[in-house]
Amino acid sequence: SLTSEEIEHIVAQVSGGAPNIQDIYPLAPMQEGILFHHMMSDQSDPYVIPMLFKIEDRATVTKFVDALQFSIDRHDVLRTAFFWDELSVPVQVVCRHASLPVTWLKLDSGQDIEAEMYARCAMDRQWINPGQAPLVQLSIATDETEGYFFVLLQMHHLIDDATSLKILQTEIGKHLDGQIDNTTRPLYREFVAHALNQAKENDATTFFSRMLGDVEESTVPFNLVGVLGDGSRAVEIRAQVSDAVAHQLRQVAKEAAISPAALFHTAWALVVSGCSGLDDVVFGTVMSGRLHGMTGAESMLGMFINTLPLRVKLQGCSVVDLVRQVQDSLL
């Protein structure tokens with residue numbers, strides 16, 4: 001539905017112009033949400049993911065850069081830029097060619113190079129321009145004292161999810177081992193088209209109205225309502241689930257013929273209920289879009305997830321009733 005003027009506006013912003021444009025198509029629903037957060041952010045972007053690598057020699061650094069460029073050349077989504085200014089709808093544009101930006105940092109030799117590179121992983125220091133493909137960039141620093149190279153890889157969540165990241169890491173590892181895979185990958189545009197068609201077939205307004213229409217109070221743990229920000233104040237706490245508990249969880253899920261995820265969501269509903277003082281709670285969960293029967297989706301890079309609200313009513317429920325309610329809602 002883009003006008004010729006809008007297309008000309010897009011072409012003018014793409015490096016290399018029209019000859020470098022392979023495709024133009026809309027955003028998947030989750031991409032729209034992530035782009036919204038980028039537009040809300042002034043100094044940092046909560047959806048830029050930093051990864052820090054410690055590499056022993058320059059030759060391996062060169063191979064690492066070459067491997068990442070090979071993946072960029074191979075996967076459409078890694079050559080994708082996003083535009084929205086002066087357009088009726090945001091679009092993603094696949095470039096035919098996109099060169100990996102590599103910055104060699106000139107740090108003071110007296111600095112603790114490793115500490116400085118870790119500091120650059122802080123959430124409030126993350127930024128990538130979505131209008132310049134690829135949405136991947138490298139910053140490299142040399143620790144001349146130890147002889148190591150620290151490589152900071154930053155990637156935008158607009159073009160990947162956790163599964164995509166694992167696929168990319170595996171692909172880079174194989175390339176470093178000399179196992180170059182030249183087989184073609186399915187086009188990410190097919191998934192986007194699939195997601196948009198589903199959105200047309202399934203009325204979101206009806207879905208949300210049915211689930212949330214009679215909710216009268218927000219689920220706010222500890223009455224903490226002022227939580228907007230760039231994520232820099234977020235703190236993550238991790239705890240290891242013991243082997244014995246993990247075994248019990250799998251056994252219970254198997255006996256009840258449900259997903260272990262239903263047990264975790266039920267437990268979280270109990271936590272949120274206890275922290276908010278409500279017995280009718282709503283919280284968000286992440287759903288996978290790779291389960292829709294698309295051929296090759298398991299090995300394709302892209303943003304395949306979506307977030308949806310889950311409502312859980314705890315009043316008058318037995319444990320079995322509660323778990324079944326959660327399982328049915330997840331399905």
# chains A, B, ... in the order shown; residues from 1 in each chain; ligands from 1
>>> closest_atom_pairs(of="stretch 155-230 of chain A", to="stretch 303-309 of chain A", cutoff="7 Å", atoms="only C-alpha atoms", output="CSV")
residue,atom,partner,partner_atom,distance
A:Leu158,CA,A:Met303,CA,6.4
A:Ile159,CA,A:Met303,CA,5.4
A:Asp160,CA,A:Met303,CA,4.6
A:Asp161,CA,A:Met303,CA,5.3
>>> write_last_selection(atoms="C-alpha atoms", output="mmCIF file, in the first residue's frame")
data_model
loop_
_atom_site.group_PDB
_atom_site.id
_atom_site.type_symbol
_atom_site.label_atom_id
_atom_site.label_comp_id
_atom_site.auth_asym_id
_atom_site.auth_seq_id
_atom_site.Cartn_x
_atom_site.Cartn_y
_atom_site.Cartn_z
ATOM 1 C CA LEU A 158 14.308 -6.525 15.921
ATOM 2 C CA ILE A 159 16.112 -9.165 13.850
ATOM 3 C CA ASP A 160 16.611 -12.046 16.245
ATOM 4 C CA ASP A 161 15.321 -14.055 19.177
#
>>> residues_around(residues="stretch 163-179 of chain A", least_positions_apart="4", cutoff="10 Å", atoms="only C-alpha atoms", output="PDB file with all heavy atoms, in the first residue's frame")
ATOM      1  N   THR A  60      42.369 -15.215  14.693  1.00  0.00           N
ATOM      2  CA  THR A  60      41.050 -15.735  15.041  1.00  0.00           C
ATOM      3  C   THR A  60      40.008 -14.627  15.022  1.00  0.00           C
ATOM      4  O   THR A  60      38.850 -14.860  14.655  1.00  0.00           O
ATOM      5  CB  THR A  60      41.082 -16.415  16.423  1.00  0.00           C
ATOM      6  OG1 THR A  60      42.118 -17.396  16.439  1.00  0.00           O
ATOM      7  CG2 THR A  60      39.763 -17.096  16.727  1.00  0.00           C
ATOM      8  N   LYS A  63      39.026 -14.261  11.473  1.00  0.00           N
ATOM      9  CA  LYS A  63      38.139 -15.359  11.085  1.00  0.00           C
ATOM     10  C   LYS A  63      36.734 -15.147  11.657  1.00  0.00           C
ATOM     11  O   LYS A  63      35.734 -15.455  11.003  1.00  0.00           O
ATOM     12  CB  LYS A  63      38.707 -16.691  11.579  1.00  0.00           C
ATOM     13  CG  LYS A  63      39.964 -17.139  10.853  1.00  0.00           C
ATOM     14  CD  LYS A  63      40.457 -18.474  11.415  1.00  0.00           C
ATOM     15  CE  LYS A  63      41.724 -18.935  10.713  1.00  0.00           C
ATOM     16  NZ  LYS A  63      42.218 -20.217  11.298  1.00  0.00           N
ATOM     17  N   PHE A  64      36.669 -14.627  12.888  1.00  0.00           N
ATOM     18  CA  PHE A  64      35.375 -14.367  13.528  1.00  0.00           C
ATOM     19  C   PHE A  64      34.597 -13.318  12.734  1.00  0.00           C
ATOM     20  O   PHE A  64      33.397 -13.481  12.475  1.00  0.00           O
ATOM     21  CB  PHE A  64      35.602 -13.891  14.968  1.00  0.00           C
ATOM     22  CG  PHE A  64      34.348 -13.660  15.755  1.00  0.00           C
ATOM     23  CD1 PHE A  64      33.748 -14.678  16.480  1.00  0.00           C
ATOM     24  CD2 PHE A  64      33.739 -12.407  15.774  1.00  0.00           C
ATOM     25  CE1 PHE A  64      32.586 -14.468  17.208  1.00  0.00           C
ATOM     26  CE2 PHE A  64      32.576 -12.182  16.499  1.00  0.00           C
ATOM     27  CZ  PHE A  64      32.005 -13.217  17.213  1.00  0.00           C
ATOM     28  N   VAL A  65      35.273 -12.245  12.356  1.00  0.00           N
ATOM     29  CA  VAL A  65      34.633 -11.179  11.566  1.00  0.00           C
ATOM     30  C   VAL A  65      34.163 -11.737  10.224  1.00  0.00           C
ATOM     31  O   VAL A  65      33.037 -11.466   9.777  1.00  0.00           O
ATOM     32  CB  VAL A  65      35.603 -10.005  11.353  1.00  0.00           C
ATOM     33  CG1 VAL A  65      35.009  -8.973  10.382  1.00  0.00           C
ATOM     34  CG2 VAL A  65      35.943  -9.344  12.682  1.00  0.00           C
ATOM     35  N   ASP A  66      35.021 -12.538   9.572  1.00  0.00           N
ATOM     36  CA  ASP A  66      34.657 -13.126   8.280  1.00  0.00           C
ATOM     37  C   ASP A  66      33.439 -14.046   8.416  1.00  0.00           C
ATOM     38  O   ASP A  66      32.556 -14.068   7.552  1.00  0.00           O
ATOM     39  CB  ASP A  66      35.838 -13.911   7.703  1.00  0.00           C
ATOM     40  CG  ASP A  66      36.985 -13.009   7.265  1.00  0.00           C
ATOM     41  OD1 ASP A  66      36.753 -11.796   7.122  1.00  0.00           O
ATOM     42  OD2 ASP A  66      38.104 -13.529   7.067  1.00  0.00           O
ATOM     43  N   ALA A  67      33.403 -14.828   9.518  1.00  0.00           N
ATOM     44  CA  ALA A  67      32.289 -15.758   9.731  1.00  0.00           C
ATOM     45  C   ALA A  67      30.981 -15.002   9.926  1.00  0.00           C
ATOM     46  O   ALA A  67      29.928 -15.402   9.395  1.00  0.00           O
ATOM     47  CB  ALA A  67      32.583 -16.644  10.942  1.00  0.00           C
ATOM     48  N   LEU A  68      31.029 -13.907  10.680  1.00  0.00           N
ATOM     49  CA  LEU A  68      29.822 -13.120  10.915  1.00  0.00           C
ATOM     50  C   LEU A  68      29.361 -12.450   9.624  1.00  0.00           C
ATOM     51  O   LEU A  68      28.162 -12.399   9.332  1.00  0.00           O
ATOM     52  CB  LEU A  68      30.088 -12.078  12.004  1.00  0.00           C
ATOM     53  CG  LEU A  68      28.887 -11.292  12.541  1.00  0.00           C
ATOM     54  CD1 LEU A  68      27.737 -12.215  12.908  1.00  0.00           C
ATOM     55  CD2 LEU A  68      29.295 -10.457  13.744  1.00  0.00           C
ATOM     56  N   GLN A  69      30.299 -11.962   8.821  1.00  0.00           N
ATOM     57  CA  GLN A  69      29.936 -11.359   7.536  1.00  0.00           C
ATOM     58  C   GLN A  69      29.321 -12.419   6.612  1.00  0.00           C
ATOM     59  O   GLN A  69      28.377 -12.129   5.875  1.00  0.00           O
ATOM     60  CB  GLN A  69      31.154 -10.732   6.872  1.00  0.00           C
ATOM     61  CG  GLN A  69      30.867 -10.041   5.542  1.00  0.00           C
ATOM     62  CD  GLN A  69      29.921  -8.846   5.697  1.00  0.00           C
ATOM     63  OE1 GLN A  69      30.209  -7.911   6.426  1.00  0.00           O
ATOM     64  NE2 GLN A  69      28.778  -8.882   4.998  1.00  0.00           N
ATOM     65  N   PHE A  70      29.848 -13.642   6.649  1.00  0.00           N
ATOM     66  CA  PHE A  70      29.290 -14.731   5.851  1.00  0.00           C
ATOM     67  C   PHE A  70      27.824 -14.967   6.213  1.00  0.00           C
ATOM     68  O   PHE A  70      26.964 -15.143   5.344  1.00  0.00           O
ATOM     69  CB  PHE A  70      30.100 -16.016   6.070  1.00  0.00           C
ATOM     70  CG  PHE A  70      29.561 -17.211   5.334  1.00  0.00           C
ATOM     71  CD1 PHE A  70      29.901 -17.440   4.007  1.00  0.00           C
ATOM     72  CD2 PHE A  70      28.706 -18.112   5.961  1.00  0.00           C
ATOM     73  CE1 PHE A  70      29.392 -18.549   3.322  1.00  0.00           C
ATOM     74  CE2 PHE A  70      28.196 -19.211   5.291  1.00  0.00           C
ATOM     75  CZ  PHE A  70      28.547 -19.437   3.966  1.00  0.00           C
ATOM     76  N   SER A  71      27.511 -14.956   7.525  1.00  0.00           N
ATOM     77  CA  SER A  71      26.128 -15.151   7.972  1.00  0.00           C
ATOM     78  C   SER A  71      25.245 -13.990   7.547  1.00  0.00           C
ATOM     79  O   SER A  71      24.082 -14.183   7.169  1.00  0.00           O
ATOM     80  CB  SER A  71      26.087 -15.322   9.499  1.00  0.00           C
ATOM     81  OG  SER A  71      26.724 -16.523   9.891  1.00  0.00           O
ATOM     82  N   ILE A  72      25.797 -12.773   7.602  1.00  0.00           N
ATOM     83  CA  ILE A  72      25.043 -11.601   7.147  1.00  0.00           C
ATOM     84  C   ILE A  72      24.707 -11.726   5.663  1.00  0.00           C
ATOM     85  O   ILE A  72      23.581 -11.449   5.234  1.00  0.00           O
ATOM     86  CB  ILE A  72      25.838 -10.304   7.423  1.00  0.00           C
ATOM     87  CG1 ILE A  72      25.915 -10.047   8.937  1.00  0.00           C
ATOM     88  CG2 ILE A  72      25.214  -9.109   6.702  1.00  0.00           C
ATOM     89  CD1 ILE A  72      26.882  -8.947   9.324  1.00  0.00           C
ATOM     90  N   HIS A  75      21.794 -14.602   5.355  1.00  0.00           N
ATOM     91  CA  HIS A  75      20.455 -14.481   5.933  1.00  0.00           C
ATOM     92  C   HIS A  75      19.862 -13.102   5.653  1.00  0.00           C
ATOM     93  O   HIS A  75      20.432 -12.077   6.034  1.00  0.00           O
ATOM     94  CB  HIS A  75      20.507 -14.705   7.447  1.00  0.00           C
ATOM     95  CG  HIS A  75      20.932 -16.086   7.841  1.00  0.00           C
ATOM     96  ND1 HIS A  75      20.064 -17.151   7.879  1.00  0.00           N
ATOM     97  CD2 HIS A  75      22.147 -16.573   8.209  1.00  0.00           C
ATOM     98  CE1 HIS A  75      20.711 -18.241   8.268  1.00  0.00           C
ATOM     99  NE2 HIS A  75      21.974 -17.918   8.464  1.00  0.00           N
ATOM    100  N   MET A 155      23.699  -6.740  18.851  1.00  0.00           N
ATOM    101  CA  MET A 155      22.690  -7.105  17.858  1.00  0.00           C
ATOM    102  C   MET A 155      21.326  -6.622  18.343  1.00  0.00           C
ATOM    103  O   MET A 155      21.035  -6.675  19.536  1.00  0.00           O
ATOM    104  CB  MET A 155      22.681  -8.627  17.657  1.00  0.00           C
ATOM    105  CG  MET A 155      21.626  -9.131  16.701  1.00  0.00           C
ATOM    106  SD  MET A 155      21.709 -10.929  16.445  1.00  0.00           S
ATOM    107  CE  MET A 155      23.217 -11.043  15.498  1.00  0.00           C
ATOM    108  N   HIS A 157      17.307  -6.737  18.804  1.00  0.00           N
ATOM    109  CA  HIS A 157      16.269  -7.743  18.967  1.00  0.00           C
ATOM    110  C   HIS A 157      15.223  -7.682  17.844  1.00  0.00           C
ATOM    111  O   HIS A 157      14.440  -8.626  17.664  1.00  0.00           O
ATOM    112  CB  HIS A 157      15.570  -7.533  20.323  1.00  0.00           C
ATOM    113  CG  HIS A 157      15.016  -8.783  20.936  1.00  0.00           C
ATOM    114  ND1 HIS A 157      14.953  -9.980  20.266  1.00  0.00           N
ATOM    115  CD2 HIS A 157      14.492  -9.020  22.165  1.00  0.00           C
ATOM    116  CE1 HIS A 157      14.396 -10.907  21.044  1.00  0.00           C
ATOM    117  NE2 HIS A 157      14.112 -10.338  22.205  1.00  0.00           N
ATOM    118  N   ILE A 159      15.771  -8.183  14.880  1.00  0.00           N
ATOM    119  CA  ILE A 159      16.112  -9.165  13.850  1.00  0.00           C
ATOM    120  C   ILE A 159      16.430 -10.539  14.417  1.00  0.00           C
ATOM    121  O   ILE A 159      16.838 -11.435  13.673  1.00  0.00           O
ATOM    122  CB  ILE A 159      17.303  -8.680  12.991  1.00  0.00           C
ATOM    123  CG1 ILE A 159      18.542  -8.450  13.861  1.00  0.00           C
ATOM    124  CG2 ILE A 159      16.931  -7.426  12.214  1.00  0.00           C
ATOM    125  CD1 ILE A 159      19.813  -8.222  13.060  1.00  0.00           C
ATOM    126  N   SER A 288       6.211 -18.723  21.141  1.00  0.00           N
ATOM    127  CA  SER A 288       7.046 -18.980  19.974  1.00  0.00           C
ATOM    128  C   SER A 288       6.209 -18.993  18.708  1.00  0.00           C
ATOM    129  O   SER A 288       5.114 -19.555  18.676  1.00  0.00           O
ATOM    130  CB  SER A 288       7.772 -20.322  20.110  1.00  0.00           C
ATOM    131  OG  SER A 288       8.464 -20.631  18.909  1.00  0.00           O
ATOM    132  N   ARG A 290       7.600 -20.261  15.952  1.00  0.00           N
ATOM    133  CA  ARG A 290       8.201 -21.312  15.115  1.00  0.00           C
ATOM    134  C   ARG A 290       7.348 -22.580  15.093  1.00  0.00           C
ATOM    135  O   ARG A 290       7.722 -23.563  14.477  1.00  0.00           O
ATOM    136  CB  ARG A 290       9.601 -21.659  15.647  1.00  0.00           C
ATOM    137  CG  ARG A 290      10.595 -20.511  15.501  1.00  0.00           C
ATOM    138  CD  ARG A 290      11.955 -20.880  16.069  1.00  0.00           C
ATOM    139  NE  ARG A 290      12.834 -19.725  16.108  1.00  0.00           N
ATOM    140  CZ  ARG A 290      13.688 -19.387  15.139  1.00  0.00           C
ATOM    141  NH1 ARG A 290      13.803 -20.159  14.085  1.00  0.00           N
ATOM    142  NH2 ARG A 290      14.436 -18.316  15.251  1.00  0.00           N
ATOM    143  N   GLU A 298      12.726 -23.882  11.920  1.00  0.00           N
ATOM    144  CA  GLU A 298      13.604 -24.230  13.038  1.00  0.00           C
ATOM    145  C   GLU A 298      15.052 -23.807  12.799  1.00  0.00           C
ATOM    146  O   GLU A 298      15.830 -23.684  13.740  1.00  0.00           O
ATOM    147  CB  GLU A 298      13.543 -25.746  13.306  1.00  0.00           C
ATOM    148  CG  GLU A 298      14.180 -26.617  12.244  1.00  0.00           C
ATOM    149  CD  GLU A 298      13.318 -26.802  11.001  1.00  0.00           C
ATOM    150  OE1 GLU A 298      12.153 -26.379  11.011  1.00  0.00           O
ATOM    151  OE2 GLU A 298      13.822 -27.376  10.013  1.00  0.00           O
ATOM    152  N   SER A 299      15.432 -23.544  11.549  1.00  0.00           N
ATOM    153  CA  SER A 299      16.814 -23.163  11.252  1.00  0.00           C
ATOM    154  C   SER A 299      16.918 -21.761  10.661  1.00  0.00           C
ATOM    155  O   SER A 299      17.957 -21.370  10.146  1.00  0.00           O
ATOM    156  CB  SER A 299      17.437 -24.177  10.277  1.00  0.00           C
ATOM    157  OG  SER A 299      16.724 -24.191   9.054  1.00  0.00           O
ATOM    158  N   MET A 300      15.829 -21.005  10.733  1.00  0.00           N
ATOM    159  CA  MET A 300      15.800 -19.670  10.141  1.00  0.00           C
ATOM    160  C   MET A 300      16.065 -18.595  11.192  1.00  0.00           C
ATOM    161  O   MET A 300      15.623 -18.720  12.335  1.00  0.00           O
ATOM    162  CB  MET A 300      14.427 -19.427   9.506  1.00  0.00           C
ATOM    163  CG  MET A 300      14.384 -18.244   8.539  1.00  0.00           C
ATOM    164  SD  MET A 300      12.676 -17.799   8.058  1.00  0.00           S
ATOM    165  CE  MET A 300      12.006 -19.379   7.575  1.00  0.00           C
ATOM    166  N   LEU A 301      16.801 -17.565  10.819  1.00  0.00           N
ATOM    167  CA  LEU A 301      17.030 -16.429  11.706  1.00  0.00           C
ATOM    168  C   LEU A 301      15.897 -15.421  11.562  1.00  0.00           C
ATOM    169  O   LEU A 301      15.358 -15.237  10.475  1.00  0.00           O
ATOM    170  CB  LEU A 301      18.366 -15.759  11.391  1.00  0.00           C
ATOM    171  CG  LEU A 301      19.590 -16.227  12.194  1.00  0.00           C
ATOM    172  CD1 LEU A 301      19.862 -17.696  11.921  1.00  0.00           C
ATOM    173  CD2 LEU A 301      20.812 -15.390  11.848  1.00  0.00           C
ATOM    174  N   GLY A 302      15.567 -14.764  12.677  1.00  0.00           N
ATOM    175  CA  GLY A 302      14.536 -13.741  12.637  1.00  0.00           C
ATOM    176  C   GLY A 302      13.857 -13.600  13.989  1.00  0.00           C
ATOM    177  O   GLY A 302      14.203 -14.271  14.960  1.00  0.00           O
ATOM    178  N   MET A 303      12.888 -12.702  14.052  1.00  0.00           N
ATOM    179  CA  MET A 303      12.119 -12.460  15.264  1.00  0.00           C
ATOM    180  C   MET A 303      10.829 -13.287  15.190  1.00  0.00           C
ATOM    181  O   MET A 303       9.860 -12.913  14.556  1.00  0.00           O
ATOM    182  CB  MET A 303      11.809 -10.963  15.369  1.00  0.00           C
ATOM    183  CG  MET A 303      10.694 -10.593  16.321  1.00  0.00           C
ATOM    184  SD  MET A 303      10.932 -11.147  17.982  1.00  0.00           S
ATOM    185  CE  MET A 303      12.274 -10.099  18.468  1.00  0.00           C
ATOM    186  N   PHE A 304      10.842 -14.464  15.838  1.00  0.00           N
ATOM    187  CA  PHE A 304       9.728 -15.397  15.731  1.00  0.00           C
ATOM    188  C   PHE A 304       8.857 -15.428  16.981  1.00  0.00           C
ATOM    189  O   PHE A 304       7.979 -16.277  17.092  1.00  0.00           O
ATOM    190  CB  PHE A 304      10.251 -16.821  15.478  1.00  0.00           C
ATOM    191  CG  PHE A 304      10.734 -17.039  14.075  1.00  0.00           C
ATOM    192  CD1 PHE A 304      12.039 -16.734  13.733  1.00  0.00           C
ATOM    193  CD2 PHE A 304       9.892 -17.550  13.107  1.00  0.00           C
ATOM    194  CE1 PHE A 304      12.496 -16.942  12.445  1.00  0.00           C
ATOM    195  CE2 PHE A 304      10.332 -17.755  11.815  1.00  0.00           C
ATOM    196  CZ  PHE A 304      11.647 -17.451  11.475  1.00  0.00           C
ATOM    197  N   ILE A 305       9.092 -14.570  17.938  1.00  0.00           N
ATOM    198  CA  ILE A 305       8.346 -14.631  19.180  1.00  0.00           C
ATOM    199  C   ILE A 305       7.284 -13.534  19.232  1.00  0.00           C
ATOM    200  O   ILE A 305       7.314 -12.580  18.464  1.00  0.00           O
ATOM    201  CB  ILE A 305       9.277 -14.520  20.411  1.00  0.00           C
ATOM    202  CG1 ILE A 305      10.019 -13.185  20.404  1.00  0.00           C
ATOM    203  CG2 ILE A 305      10.229 -15.681  20.478  1.00  0.00           C
ATOM    204  CD1 ILE A 305      10.827 -12.935  21.665  1.00  0.00           C
TER     205      ILE A 305
END
>>> residues_around(residues="A:Thr219", least_positions_apart="5", cutoff="10 Å", atoms="only C-alpha atoms", output="PyMOL selection string")
chain A and resi 224-225+272-273+275-283
>>> residues_around(residues="A:Val323", least_positions_apart="3", cutoff="9 Å", atoms="only C-alpha atoms", output="JSON, numbers by chain")
{"A": [258, 262, 263, 265, 266, 318, 319, 320, 326, 327, 328]}
>>> residues_around(residues="A:Leu100", least_positions_apart="3", cutoff="7 Å", atoms="only C-alpha atoms", output="ChimeraX atom specification")
/A:69,134,136-137
>>> write_last_selection(atoms="all heavy atoms", output="CSV table (one decimal), in the first residue's frame")
chain,number,residue,atom,x,y,z
A,69,GLN,N,30.3,-12.0,8.8
A,69,GLN,CA,29.9,-11.4,7.5
A,69,GLN,C,29.3,-12.4,6.6
A,69,GLN,O,28.4,-12.1,5.9
A,69,GLN,CB,31.2,-10.7,6.9
A,69,GLN,CG,30.9,-10.0,5.5
A,69,GLN,CD,29.9,-8.8,5.7
A,69,GLN,OE1,30.2,-7.9,6.4
A,69,GLN,NE2,28.8,-8.9,5.0
A,134,PRO,N,23.8,-3.8,8.5
A,134,PRO,CA,23.0,-4.8,9.3
A,134,PRO,C,22.9,-4.2,10.8
A,134,PRO,O,23.6,-3.3,11.2
A,134,PRO,CB,24.0,-6.0,9.4
A,134,PRO,CG,25.4,-5.4,9.3
A,134,PRO,CD,25.2,-4.2,8.4
A,136,VAL,N,23.7,-5.3,13.4
A,136,VAL,CA,24.8,-6.0,14.1
A,136,VAL,C,26.0,-5.1,14.0
A,136,VAL,O,26.3,-4.6,12.9
A,136,VAL,CB,25.1,-7.4,13.5
A,136,VAL,CG1,26.1,-8.1,14.3
A,136,VAL,CG2,23.8,-8.2,13.3
A,137,GLN,N,26.8,-5.0,15.1
A,137,GLN,CA,28.0,-4.2,15.1
A,137,GLN,C,29.1,-4.8,16.0
A,137,GLN,O,28.7,-5.4,17.0
A,137,GLN,CB,27.8,-2.8,15.4
A,137,GLN,CG,27.2,-2.5,16.7
A,137,GLN,CD,26.7,-1.1,16.9
A,137,GLN,OE1,26.3,-0.4,15.9
A,137,GLN,NE2,26.6,-0.6,18.1
>>> residues_around(residues="stretch 202-213 of chain A", least_positions_apart="4", cutoff="10 Å", atoms="only C-alpha atoms", output="list in words")
Leu196, Asn197, Gln198, Val282, Leu308, Pro309, Leu310, Arg311, Val312 and Ser329 of chain A
>>> decode(residues="stretch 106-113 of chain A", atoms="all heavy atoms", output="PDB file, in the first residue's frame")
ATOM      1  N   LYS A 106      40.453   2.540  20.598  1.00  0.00           N
ATOM      2  CA  LYS A 106      41.766   2.980  21.068  1.00  0.00           C
ATOM      3  C   LYS A 106      41.640   3.339  22.549  1.00  0.00           C
ATOM      4  O   LYS A 106      41.297   4.469  22.907  1.00  0.00           O
ATOM      5  CB  LYS A 106      42.237   4.177  20.251  1.00  0.00           C
ATOM      6  CG  LYS A 106      42.470   3.865  18.775  1.00  0.00           C
ATOM      7  CD  LYS A 106      42.936   5.079  17.995  1.00  0.00           C
ATOM      8  CE  LYS A 106      43.165   4.750  16.527  1.00  0.00           C
ATOM      9  NZ  LYS A 106      43.617   5.958  15.748  1.00  0.00           N
ATOM     10  N   LEU A 107      41.898   2.344  23.392  1.00  0.00           N
ATOM     11  CA  LEU A 107      41.770   2.539  24.834  1.00  0.00           C
ATOM     12  C   LEU A 107      43.133   2.797  25.458  1.00  0.00           C
ATOM     13  O   LEU A 107      44.173   2.360  24.942  1.00  0.00           O
ATOM     14  CB  LEU A 107      41.119   1.308  25.478  1.00  0.00           C
ATOM     15  CG  LEU A 107      39.740   0.921  24.932  1.00  0.00           C
ATOM     16  CD1 LEU A 107      39.221  -0.331  25.631  1.00  0.00           C
ATOM     17  CD2 LEU A 107      38.743   2.060  25.091  1.00  0.00           C
ATOM     18  N   ASP A 108      43.128   3.506  26.560  1.00  0.00           N
ATOM     19  CA  ASP A 108      44.356   3.810  27.293  1.00  0.00           C
ATOM     20  C   ASP A 108      45.002   2.516  27.759  1.00  0.00           C
ATOM     21  O   ASP A 108      44.358   1.662  28.372  1.00  0.00           O
ATOM     22  CB  ASP A 108      44.009   4.696  28.494  1.00  0.00           C
ATOM     23  CG  ASP A 108      45.245   5.202  29.222  1.00  0.00           C
ATOM     24  OD1 ASP A 108      46.339   4.645  29.001  1.00  0.00           O
ATOM     25  OD2 ASP A 108      45.107   6.144  30.012  1.00  0.00           O
ATOM     26  N   SER A 109      46.292   2.346  27.473  1.00  0.00           N
ATOM     27  CA  SER A 109      46.999   1.116  27.843  1.00  0.00           C
ATOM     28  C   SER A 109      47.017   0.896  29.349  1.00  0.00           C
ATOM     29  O   SER A 109      47.211  -0.226  29.826  1.00  0.00           O
ATOM     30  CB  SER A 109      48.435   1.142  27.303  1.00  0.00           C
ATOM     31  OG  SER A 109      49.132   2.277  27.799  1.00  0.00           O
ATOM     32  N   GLY A 110      46.806   1.958  30.116  1.00  0.00           N
ATOM     33  CA  GLY A 110      46.784   1.817  31.572  1.00  0.00           C
ATOM     34  C   GLY A 110      45.443   1.363  32.104  1.00  0.00           C
ATOM     35  O   GLY A 110      45.303   1.048  33.291  1.00  0.00           O
ATOM     36  N   GLN A 111      44.433   1.304  31.239  1.00  0.00           N
ATOM     37  CA  GLN A 111      43.105   0.888  31.661  1.00  0.00           C
ATOM     38  C   GLN A 111      43.029  -0.619  31.879  1.00  0.00           C
ATOM     39  O   GLN A 111      43.826  -1.388  31.316  1.00  0.00           O
ATOM     40  CB  GLN A 111      42.068   1.261  30.592  1.00  0.00           C
ATOM     41  CG  GLN A 111      41.617   2.700  30.588  1.00  0.00           C
ATOM     42  CD  GLN A 111      40.538   2.936  29.558  1.00  0.00           C
ATOM     43  OE1 GLN A 111      40.829   3.112  28.386  1.00  0.00           O
ATOM     44  NE2 GLN A 111      39.286   2.937  29.990  1.00  0.00           N
ATOM     45  N   ASP A 112      42.056  -1.025  32.684  1.00  0.00           N
ATOM     46  CA  ASP A 112      41.683  -2.436  32.763  1.00  0.00           C
ATOM     47  C   ASP A 112      40.771  -2.693  31.572  1.00  0.00           C
ATOM     48  O   ASP A 112      39.585  -2.387  31.616  1.00  0.00           O
ATOM     49  CB  ASP A 112      40.978  -2.726  34.088  1.00  0.00           C
ATOM     50  CG  ASP A 112      40.647  -4.197  34.275  1.00  0.00           C
ATOM     51  OD1 ASP A 112      40.476  -4.896  33.248  1.00  0.00           O
ATOM     52  OD2 ASP A 112      40.528  -4.650  35.432  1.00  0.00           O
ATOM     53  N   ILE A 113      41.337  -3.243  30.498  1.00  0.00           N
ATOM     54  CA  ILE A 113      40.604  -3.367  29.244  1.00  0.00           C
ATOM     55  C   ILE A 113      39.376  -4.257  29.403  1.00  0.00           C
ATOM     56  O   ILE A 113      38.289  -3.932  28.906  1.00  0.00           O
ATOM     57  CB  ILE A 113      41.513  -3.938  28.127  1.00  0.00           C
ATOM     58  CG1 ILE A 113      42.782  -3.072  27.977  1.00  0.00           C
ATOM     59  CG2 ILE A 113      40.757  -4.009  26.808  1.00  0.00           C
ATOM     60  CD1 ILE A 113      42.513  -1.646  27.595  1.00  0.00           C
TER      61      ILE A 113
END
